[in-house]
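Below is one structure, written out as structure tokens; the observations come after it.
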Amino acid sequence: MLLQSNIFKRALAERRKQLGLWITLSTAFAVEVVAETGYDWLLLDTEHSPGDVLTVLAQLQALSGYPVHPVVRPASNDQVLIKRYLDFGVRTFLIPFVQNAQDARAAVSSIRYPPRGIRGVSALTRATQFGRIKDYFERIEQEVCLLVQIETEQALENIEEIAAVDGVDGIFIGPADLAASMGLIGQPGHPRVLDAVAEALKRINAADRPAGILSSDKAFAKQCLDLGADFVAIGIDVAILARGAELLANEFRRHLEGPSHPEEPPCRTA
């Protein structure tokens, strides 16, 4: 058995647009519900969700039969967490709160074996199909995709130096935290934030790195795609469930509270 290619990493290298969905309902059942709904990638979040290494393992198992690529965001840029996810078989990471080139190099080191990095070695992991993938150690570094998340004004200032780090495959902008760092917490749609994001996308493209973002604002997400964003998460599972449930309930509340209608004969079924 040979190691399969990382289709998401190949797509980014070829600059093919990739649409994603943010997953914070941290169960295998929930992720399987959306596994075949037309997205290229699903972000399994463990930074702002109840998710952890074991829930991600179950989610990976649930997704293994579907044509969608899992991307995992660890809770932090932590070599031990990253090692565990690698051993589970995670191929693509979104590392949060990367402020500078030093943070980016630390993330790269975590996904590489010595002497190029610090990843611990185990031959009997899910990632190696329990020792059945014969070329795993020779090829895995080529097939891991490392995305780094910049989410502060300080990080924006360092885009070019972060992009220059060998092993960084893409740069993702976090609008919510960026807004907070600009003194606009809770206002990711503020014009100043949107302008900063647009400028950052241009700079990432100029540095010849794929750019990504999360936005539930459909108009802005489309604008980002037009500005050169390569991987864009266009929704969040919890938001879809919460807002969809509210819309349905409100529609029927309005019906109950609206003007009465003439009584109609009951519907009959054959």
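Ordering of the structure tokens sets the chain letters (A, B, ...); residue numbers start at 1 within each chain; ligands are numbered from 1 in the order shown.
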From a DSSP pass on the backbone, collect the residues of region 79-207 of chain A flagged as strand (DSSP E or B) and hand them back as a PyMOL selection string. chain A and resi 92-95+145-150+170-173
Prev. selection, N, CA and C atoms, output as a CSV table (one decimal), in the first residue's frame:
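Wrote it out as again_31.csv, contents follow:
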```
chain,number,residue,atom,x,y,z
A,92,THR,N,-4.1,17.9,6.7
A,92,THR,CA,-4.1,19.3,6.5
A,92,THR,C,-4.5,20.0,7.8
A,93,PHE,N,-3.7,21.0,8.2
A,93,PHE,CA,-3.8,21.7,9.4
A,93,PHE,C,-4.0,23.2,9.2
A,94,LEU,N,-4.9,23.8,10.0
A,94,LEU,CA,-5.0,25.2,10.1
A,94,LEU,C,-4.5,25.6,11.5
A,95,ILE,N,-3.3,26.2,11.6
A,95,ILE,CA,-2.7,26.5,12.9
A,95,ILE,C,-3.1,27.9,13.3
A,145,CYS,N,-0.4,19.4,4.4
A,145,CYS,CA,-0.6,20.8,4.0
A,145,CYS,C,-0.7,21.6,5.3
A,146,LEU,N,0.1,22.6,5.3
A,146,LEU,CA,0.1,23.5,6.5
A,146,LEU,C,-0.4,24.9,6.2
A,147,LEU,N,-1.5,25.2,6.8
A,147,LEU,CA,-2.1,26.5,6.7
A,147,LEU,C,-1.9,27.3,8.0
A,148,VAL,N,-1.5,28.5,7.9
A,148,VAL,CA,-1.3,29.3,9.2
A,148,VAL,C,-2.3,30.4,9.2
A,149,GLN,N,-2.9,30.7,10.4
A,149,GLN,CA,-3.9,31.7,10.6
A,149,GLN,C,-3.3,33.0,11.2
A,150,ILE,N,-3.5,34.1,10.4
A,150,ILE,CA,-3.1,35.4,10.9
A,150,ILE,C,-4.4,36.1,11.3
A,170,GLY,N,-0.2,27.9,2.9
A,170,GLY,CA,-1.3,28.8,2.7
A,170,GLY,C,-1.4,29.7,3.9
A,171,ILE,N,-2.0,30.9,3.7
A,171,ILE,CA,-2.3,31.8,4.8
A,171,ILE,C,-3.7,32.1,4.9
A,172,PHE,N,-4.3,32.0,6.1
A,172,PHE,CA,-5.7,32.2,6.4
A,172,PHE,C,-5.9,33.4,7.2
A,173,ILE,N,-6.9,34.2,6.9
A,173,ILE,CA,-7.2,35.4,7.7
A,173,ILE,C,-8.4,35.1,8.6
```
Query raised in the report: If we count only C-alpha atoms, what is near Ala101 (chain A) at a cut-off of 7 Å, once residues fewer than 4 positions away on the same chain are taken out, given as a PyMOL selection string?
Result: chain A and resi 105+161-162+165
Residues near region 218-233 of chain A, anyone? I mean within 8 Å using only C-alpha atoms, not counting same-chain ones fewer than 3 positions away, as number ranges by chain.
A: 12, 15-22, 198, 201-202, 205, 210-215, 236
Can I get the selected residues back with N, CA and C atoms, as a tab-separated table (two decimals), in the first residue's frame?
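Output contents, as saved in part17.tsv:
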```tsv
chain	number	residue	atom	x	y	z
A	12	LEU	N	-4.76	23.60	-4.06
A	12	LEU	CA	-4.25	24.92	-3.71
A	12	LEU	C	-3.03	25.26	-4.54
A	15	ARG	N	-4.05	26.49	-7.67
A	15	ARG	CA	-4.91	27.66	-7.51
A	15	ARG	C	-6.34	27.41	-7.99
A	16	ARG	N	-6.85	26.22	-7.67
A	16	ARG	CA	-8.26	25.92	-7.90
A	16	ARG	C	-9.04	26.29	-6.65
A	17	LYS	N	-10.09	27.08	-6.82
A	17	LYS	CA	-10.87	27.56	-5.68
A	17	LYS	C	-11.49	26.39	-4.91
A	18	GLN	N	-11.39	26.47	-3.58
A	18	GLN	CA	-11.90	25.41	-2.72
A	18	GLN	C	-12.87	26.01	-1.70
A	19	LEU	N	-14.13	25.53	-1.73
A	19	LEU	CA	-15.17	26.03	-0.83
A	19	LEU	C	-15.27	25.12	0.39
A	20	GLY	N	-15.34	25.75	1.57
A	20	GLY	CA	-15.36	24.97	2.80
A	20	GLY	C	-16.52	25.30	3.71
A	21	LEU	N	-16.73	24.44	4.69
A	21	LEU	CA	-17.74	24.63	5.73
A	21	LEU	C	-17.06	24.41	7.08
A	22	TRP	N	-17.34	25.31	8.03
A	22	TRP	CA	-16.75	25.26	9.37
A	22	TRP	C	-17.57	24.31	10.23
A	198	ALA	N	-9.16	42.78	2.63
A	198	ALA	CA	-8.94	42.89	1.18
A	198	ALA	C	-7.47	43.17	0.87
A	201	LEU	N	-5.37	39.98	1.50
A	201	LEU	CA	-5.50	38.99	0.42
A	201	LEU	C	-4.59	39.34	-0.75
A	202	LYS	N	-4.54	40.61	-1.09
A	202	LYS	CA	-3.67	41.04	-2.19
A	202	LYS	C	-2.20	40.78	-1.86
A	205	ASN	N	-1.40	36.99	-2.03
A	205	ASN	CA	-1.28	36.59	-3.43
A	205	ASN	C	0.03	37.09	-4.03
A	210	PRO	N	-1.28	30.67	-1.44
A	210	PRO	CA	-2.74	30.62	-1.43
A	210	PRO	C	-3.29	31.34	-0.20
A	211	ALA	N	-4.42	32.03	-0.38
A	211	ALA	CA	-5.03	32.79	0.70
A	211	ALA	C	-6.39	32.21	1.04
A	212	GLY	N	-6.75	32.27	2.32
A	212	GLY	CA	-8.04	31.75	2.76
A	212	GLY	C	-8.70	32.65	3.77
A	213	ILE	N	-10.01	32.41	3.97
A	213	ILE	CA	-10.78	33.21	4.91
A	213	ILE	C	-12.07	32.47	5.25
A	214	LEU	N	-12.67	32.84	6.38
A	214	LEU	CA	-14.01	32.40	6.76
A	214	LEU	C	-14.91	33.62	6.79
A	215	SER	N	-16.04	33.55	6.08
A	215	SER	CA	-17.03	34.62	6.17
A	215	SER	C	-18.41	34.06	5.87
A	236	ILE	N	-20.94	28.16	8.80
A	236	ILE	CA	-20.60	27.45	10.03
A	236	ILE	C	-21.80	26.57	10.39
```
Legend entry - Glu160 (chain A) environment, 10 Å, only C-alpha atoms, sequence neighbours closer than 6 positions dropped, as a PyMOL selection string: chain A and resi 100-101+203-204+206-209
- prompt: Could you write out, as JSON, numbers by chain, all the residues of region 16-262 of chain A that DSSP marks as alpha helix (DSSP H)?
  reply: {"A": [28, 29, 30, 31, 32, 33, 53, 54, 55, 56, 57, 58, 59, 60, 61, 62, 63, 79, 80, 81, 82, 83, 84, 85, 86, 87, 88, 101, 102, 103, 104, 105, 106, 107, 108, 109, 110, 111, 136, 137, 138, 139, 140, 141, 142, 143, 153, 154, 155, 156, 157, 159, 160, 161, 162, 163, 175, 176, 177, 178, 179, 180, 181, 191, 192, 193, 194, 195, 196, 197, 198, 199, 200, 201, 202, 203, 204, 205, 206, 218, 219, 220, 221, 222, 223, 224, 225, 226, 227, 237, 238, 239, 240, 241, 242, 243, 244, 245, 246, 247, 248, 249, 250, 251, 252, 253, 254, 255, 256, 257]}
Deliver the residues from the most recent selection as a file, using C-alpha atoms, as a compact mmCIF listing (two decimals), in the first residue's frame.
```txt
# COMPACT_ATOMS: atom_id res chain seq x y z
CA ALA A 28 -19.03 12.06 13.85
CA PHE A 29 -22.76 11.95 13.16
CA ALA A 30 -23.02 15.71 12.63
CA VAL A 31 -20.06 15.83 10.26
CA GLU A 32 -21.37 12.92 8.24
CA VAL A 33 -24.64 14.78 7.69
CA VAL A 53 -8.26 14.69 19.62
CA LEU A 54 -10.70 11.85 20.20
CA THR A 55 -13.71 13.57 18.66
CA VAL A 56 -11.56 14.41 15.62
CA LEU A 57 -10.56 10.76 15.30
CA ALA A 58 -14.22 9.74 15.15
CA GLN A 59 -14.94 12.51 12.63
CA LEU A 60 -12.07 11.37 10.41
CA GLN A 61 -13.42 7.84 10.49
CA ALA A 62 -16.90 9.07 9.56
CA LEU A 63 -15.52 11.12 6.64
CA GLN A 79 3.78 20.23 18.86
CA VAL A 80 2.21 17.50 21.02
CA LEU A 81 -1.31 18.17 19.77
CA ILE A 82 -0.11 18.34 16.17
CA LYS A 83 1.80 15.07 16.58
CA ARG A 84 -1.30 13.28 17.83
CA TYR A 85 -3.41 14.53 14.93
CA LEU A 86 -0.70 13.51 12.45
CA ASP A 87 -0.66 10.01 13.90
CA PHE A 88 -4.45 9.83 13.52
CA ALA A 101 7.91 33.82 11.03
CA GLN A 102 9.09 32.22 14.27
CA ASP A 103 5.58 30.92 15.01
CA ALA A 104 5.30 29.65 11.44
CA ARG A 105 8.65 27.84 11.65
CA ALA A 106 7.54 26.19 14.92
CA ALA A 107 4.45 24.83 13.17
CA VAL A 108 6.51 23.55 10.25
CA SER A 109 8.92 21.86 12.65
CA SER A 110 6.00 20.05 14.30
CA ILE A 111 4.96 18.33 11.06
CA TYR A 136 4.89 6.81 4.56
CA PHE A 137 8.09 8.14 6.11
CA GLU A 138 9.61 9.01 2.74
CA ARG A 139 6.59 10.92 1.42
CA ILE A 140 4.44 12.24 4.25
CA GLU A 141 6.12 15.65 4.49
CA GLN A 142 5.23 16.25 0.83
CA GLU A 143 1.60 15.38 1.51
CA GLU A 153 -2.79 43.64 13.21
CA GLN A 154 0.70 42.54 14.25
CA ALA A 155 0.38 39.38 12.15
CA LEU A 156 -0.81 41.43 9.17
CA GLU A 157 2.37 43.46 9.36
CA ILE A 159 2.54 38.64 6.09
CA GLU A 160 5.57 38.63 3.81
CA GLU A 161 7.92 37.08 6.38
CA ILE A 162 5.35 34.43 7.28
CA ALA A 163 4.75 33.62 3.62
CA PRO A 175 -11.72 38.34 10.56
CA ALA A 176 -13.31 38.04 14.02
CA ASP A 177 -10.04 38.15 15.95
CA LEU A 178 -8.61 40.69 13.55
CA ALA A 179 -11.57 42.96 14.32
CA ALA A 180 -10.93 42.54 18.05
CA SER A 181 -7.26 43.44 17.64
CA PRO A 191 -15.44 48.79 6.83
CA ARG A 192 -11.98 49.09 8.42
CA VAL A 193 -11.82 45.33 8.93
CA LEU A 194 -13.07 44.57 5.42
CA ASP A 195 -10.50 46.93 3.94
CA ALA A 196 -7.73 45.28 5.99
CA VAL A 197 -8.82 41.83 4.83
CA ALA A 198 -8.94 42.89 1.18
CA GLU A 199 -5.45 44.38 1.42
CA ALA A 200 -4.13 41.26 3.17
CA LEU A 201 -5.50 38.99 0.42
CA LYS A 202 -3.67 41.04 -2.19
CA ARG A 203 -0.41 40.85 -0.24
CA ILE A 204 -0.71 37.09 0.29
CA ASN A 205 -1.28 36.59 -3.43
CA ALA A 206 1.66 38.88 -4.22
CA LYS A 218 -22.23 35.87 1.29
CA ALA A 219 -21.48 39.13 -0.50
CA PHE A 220 -18.11 39.53 1.21
CA ALA A 221 -17.18 35.87 0.71
CA LYS A 222 -17.82 36.29 -3.03
CA GLN A 223 -15.78 39.49 -3.01
CA CYS A 224 -12.90 37.64 -1.34
CA LEU A 225 -13.04 34.94 -4.01
CA ASP A 226 -12.90 37.65 -6.66
CA LEU A 227 -9.96 39.30 -4.86
CA ASP A 237 -22.62 24.37 10.94
CA VAL A 238 -23.90 25.79 14.24
CA ALA A 239 -25.00 29.03 12.56
CA ILE A 240 -26.87 27.12 9.85
CA LEU A 241 -28.68 25.05 12.47
CA ALA A 242 -29.41 27.95 14.84
CA ARG A 243 -30.53 30.50 12.25
CA GLY A 244 -32.43 27.92 10.20
CA ALA A 245 -34.31 26.71 13.28
CA GLU A 246 -35.15 30.31 14.25
CA LEU A 247 -36.43 31.16 10.77
CA LEU A 248 -38.71 28.14 10.74
CA ALA A 249 -40.11 28.85 14.21
CA ASN A 250 -40.59 32.56 13.46
CA GLU A 251 -42.43 31.80 10.24
CA PHE A 252 -44.99 29.70 12.09
CA ARG A 253 -45.22 32.15 15.01
CA ARG A 254 -46.15 34.86 12.55
CA HIS A 255 -48.75 32.57 11.03
CA LEU A 256 -50.31 31.92 14.45
CA GLU A 257 -50.28 35.60 15.36
```
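Minimum atom-to-atom distances from A:Val168, A:Ser26, A:Pro259, A:Lys9 to Asp40 (chain A) were compared using only C-alpha atoms, and the lowest value belongs to A:Lys9.
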> What is the CA of Phe8 (chain A)-CA of Tyr66 (chain A) distance in Å, reported with one decimal?
Replying inline: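 We find that CA of Phe8 (chain A) and CA of Tyr66 (chain A) lie 13.8 Å from each other.
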> Which one of A:Val72, A:Arg91, A:Gly174, A:Arg126 sits closest to Ser5 (chain A) if you count only C-alpha atoms?
Replying inline: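 Looking only at the distances to Ser5 (chain A), the closest residue turns out to be A:Arg91.
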Could you check the closest approach to Met1 (chain A) for each of A:Gln129, A:Gln187, A:Asn158, A:Ser216 and tell me which residue wins, using only C-alpha atoms?
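Closest to Met1 (chain A) of all the choices is A:Gln129.
With CA of Thr152 (chain A) on one side and CA of Pro74 (chain A) on the other, the separation reads 18.2 Å.
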Open item on the list: As an exercise, work out the distance from CA of Val90 (chain A) to CA of Val144 (chain A) in Å and give it to one decimal place.
Closed with: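 Straight-line distance from CA of Val90 (chain A) to CA of Val144 (chain A) works out to 8.1 Å.
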Shell of 9 Å around Ser49 (chain A), only C-alpha atoms, local chain residues under 5 positions omitted, as a PDB file with C-alpha atoms, in the first residue's frame:
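Contents of out_20.pdb, freshly written:
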```pdb
ATOM      1  CA  ILE A  23     -17.582  22.354  11.698  1.00  0.00           C
ATOM      2  CA  THR A  24     -18.054  23.012  15.412  1.00  0.00           C
ATOM      3  CA  LEU A  25     -20.671  20.364  16.198  1.00  0.00           C
ATOM      4  CA  SER A  26     -18.024  17.978  17.417  1.00  0.00           C
TER       5      SER A  26
END
```
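Of the residues listed (A:Glu151, A:Leu42, A:Asp78, A:Gly89), A:Gly89 shows the shortest atom-to-atom separation from Leu124 (chain A); distances use only C-alpha atoms.
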